[in-house]
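Step one of this worksheet: look at the structure below.
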Amino acid sequence: MTDASDRFTAFMDRIEQDRALVQATRLDTDAWELELRVDGGRTQLAVVALVDGEEEPQVAVFSFISPANPDFYEAALRTNANLEYGRVALVEHRDATWFAVVDTSPLDELDTDELMHAIDEVAASADALEAAFTGADDQ
């Protein structure tokens with residue numbers, strides 16, 4: 001998967017150079033954590049990682065919202081109808097179930113601009129839901 005890793009790294013290097021990020025942290029060879037500015041002076045963390053797909057490498061983008069609360073299931077599902085990139089999902093994290101916005105795309109079908117649009121929408125959507133569900137700016 002060296003070619004895929006090299007291509008993914010090139011995407012992330014370009015995004016880091018071209019995008020006004022609060023912070024970019026390389027977690028390991030094929031994963032980055034990005035802190036992005038979103039509406040209202042808020043920030044949101046998004047993780048972008050190269051993952052093995054069933055047939056080909058995938059780029060996963062996700063951002064945690066809050067611990068899952070059944071009171072917000074309907075709002076989360078309704079949000080999915082308006083998202084171009086990603087979907088609100090329930091994700092197991094640190095022995096708890098969380099809401100997160102998750103997007104996965106085949107590496108070979110992405111370009112840098114499309115990946116940045118996905119990252120922006122995942123972060124903005126997660127932040128808007130986090131504000132609605134908790135009022136906090138934690139993730």
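Following the order of the structure tokens, first chain is A, next is B, and so on, with residues numbered from 1 inside each chain and ligands from 1 in the order they appear.
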Exercise for the section: Using DSSP on the backbone coordinates, identify the residues of chain A assigned to helix (DSSP H, G or I); present them as number ranges by chain. Expected result: A: 2-18, 39-41, 70-80, 107-109, 112-134
C-alpha atoms of the current selection, written as a PDB file, in the first residue's frame:
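So the final result, stored in again-v7.pdb, reads:
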```pdb
ATOM      1  CA  THR A   2       3.030   2.256  -0.405  1.00  0.00           C
ATOM      2  CA  ASP A   3       1.680   3.955  -3.550  1.00  0.00           C
ATOM      3  CA  ALA A   4      -1.605   4.625  -1.750  1.00  0.00           C
ATOM      4  CA  SER A   5       0.241   5.968   1.301  1.00  0.00           C
ATOM      5  CA  ASP A   6       2.347   8.240  -0.896  1.00  0.00           C
ATOM      6  CA  ARG A   7      -0.722   9.571  -2.716  1.00  0.00           C
ATOM      7  CA  PHE A   8      -2.596  10.097   0.556  1.00  0.00           C
ATOM      8  CA  THR A   9       0.403  11.914   2.075  1.00  0.00           C
ATOM      9  CA  ALA A  10       0.615  14.167  -0.978  1.00  0.00           C
ATOM     10  CA  PHE A  11      -3.084  15.051  -0.553  1.00  0.00           C
ATOM     11  CA  MET A  12      -2.614  15.856   3.102  1.00  0.00           C
ATOM     12  CA  ASP A  13       0.563  17.879   2.516  1.00  0.00           C
ATOM     13  CA  ARG A  14      -1.254  19.993  -0.071  1.00  0.00           C
ATOM     14  CA  ILE A  15      -4.283  20.448   2.197  1.00  0.00           C
ATOM     15  CA  GLU A  16      -2.027  21.500   5.060  1.00  0.00           C
ATOM     16  CA  GLN A  17      -0.295  24.080   2.806  1.00  0.00           C
ATOM     17  CA  ASP A  18      -3.388  25.399   1.023  1.00  0.00           C
ATOM     18  CA  ASP A  39     -18.907  29.184  11.950  1.00  0.00           C
ATOM     19  CA  GLY A  40     -19.225  31.427  14.974  1.00  0.00           C
ATOM     20  CA  GLY A  41     -15.542  31.391  15.907  1.00  0.00           C
ATOM     21  CA  PRO A  70     -31.563   8.746  21.990  1.00  0.00           C
ATOM     22  CA  ASP A  71     -33.287  12.129  22.396  1.00  0.00           C
ATOM     23  CA  PHE A  72     -31.303  13.315  19.350  1.00  0.00           C
ATOM     24  CA  TYR A  73     -31.619  10.275  17.056  1.00  0.00           C
ATOM     25  CA  GLU A  74     -34.341  11.870  14.941  1.00  0.00           C
ATOM     26  CA  ALA A  75     -32.391  15.112  14.482  1.00  0.00           C
ATOM     27  CA  ALA A  76     -29.278  13.151  13.537  1.00  0.00           C
ATOM     28  CA  LEU A  77     -31.154  11.098  10.952  1.00  0.00           C
ATOM     29  CA  ARG A  78     -32.823  14.178   9.474  1.00  0.00           C
ATOM     30  CA  THR A  79     -29.397  15.802   9.086  1.00  0.00           C
ATOM     31  CA  ASN A  80     -28.302  12.919   6.851  1.00  0.00           C
ATOM     32  CA  LEU A 107      -8.654   7.000  -2.762  1.00  0.00           C
ATOM     33  CA  ASP A 108      -8.484   6.568  -6.549  1.00  0.00           C
ATOM     34  CA  GLU A 109     -11.652   8.642  -7.015  1.00  0.00           C
ATOM     35  CA  THR A 112      -7.446  17.357  -3.289  1.00  0.00           C
ATOM     36  CA  ASP A 113     -10.337  19.796  -3.765  1.00  0.00           C
ATOM     37  CA  GLU A 114     -12.971  17.094  -3.290  1.00  0.00           C
ATOM     38  CA  LEU A 115     -11.209  15.784  -0.173  1.00  0.00           C
ATOM     39  CA  MET A 116     -11.087  19.307   1.277  1.00  0.00           C
ATOM     40  CA  HIS A 117     -14.813  19.772   0.591  1.00  0.00           C
ATOM     41  CA  ALA A 118     -15.495  16.490   2.400  1.00  0.00           C
ATOM     42  CA  ILE A 119     -13.336  17.542   5.358  1.00  0.00           C
ATOM     43  CA  ASP A 120     -15.027  20.950   5.542  1.00  0.00           C
ATOM     44  CA  GLU A 121     -18.554  19.507   5.430  1.00  0.00           C
ATOM     45  CA  VAL A 122     -17.816  16.756   7.940  1.00  0.00           C
ATOM     46  CA  ALA A 123     -16.319  19.276  10.389  1.00  0.00           C
ATOM     47  CA  ALA A 124     -19.038  21.906   9.892  1.00  0.00           C
ATOM     48  CA  SER A 125     -21.856  19.359  10.195  1.00  0.00           C
ATOM     49  CA  ALA A 126     -20.362  17.773  13.298  1.00  0.00           C
ATOM     50  CA  ASP A 127     -19.862  21.168  14.902  1.00  0.00           C
ATOM     51  CA  ALA A 128     -23.410  22.326  14.147  1.00  0.00           C
ATOM     52  CA  LEU A 129     -24.830  19.151  15.667  1.00  0.00           C
ATOM     53  CA  GLU A 130     -22.485  19.395  18.652  1.00  0.00           C
ATOM     54  CA  ALA A 131     -23.733  22.937  19.289  1.00  0.00           C
ATOM     55  CA  ALA A 132     -27.358  21.856  18.912  1.00  0.00           C
ATOM     56  CA  PHE A 133     -27.047  18.725  21.033  1.00  0.00           C
ATOM     57  CA  THR A 134     -24.744  19.972  23.804  1.00  0.00           C
TER      58      THR A 134
END
```
Problem - Those in segment 1-69 of chain A with strand (DSSP E) from DSSP, as a VMD selection string - result: chain A and resid 23 to 28 31 to 37 43 to 51 58 to 67
Enumerate, in order of chain and increasing residue number, the residues of segment 41-102 of chain A with an atom no farther than 6 Å from segment 22-31 of chain A, each with its shortest atom pair and distance in Å to one decimal, counting only C-alpha atoms, as JSON lines.
```
{"residue": "A:Val48", "atom": "CA", "partner": "A:Ala31", "partner_atom": "CA", "distance": 5.7}
{"residue": "A:Ala49", "atom": "CA", "partner": "A:Ala31", "partner_atom": "CA", "distance": 4.1}
{"residue": "A:Leu50", "atom": "CA", "partner": "A:Asp30", "partner_atom": "CA", "distance": 5.3}
```
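Put simply, atom CA of Gln44 of chain A is 13.4 Å away from atom CA of Gly135 of chain A.
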Completion exercise
atom CA of Ala20 of chain A to atom CA of Phe62 of chain A measures 18.9 Å
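As for atom CA of Ala89 of chain A and atom CA of Arg37 of chain A, they are spaced 22.3 Å apart.
Closest approach to Asp52 of chain A from the set A:Leu110, A:Phe99, A:Thr104, A:Leu36 is made by A:Thr104, with distances taken over only C-alpha atoms.
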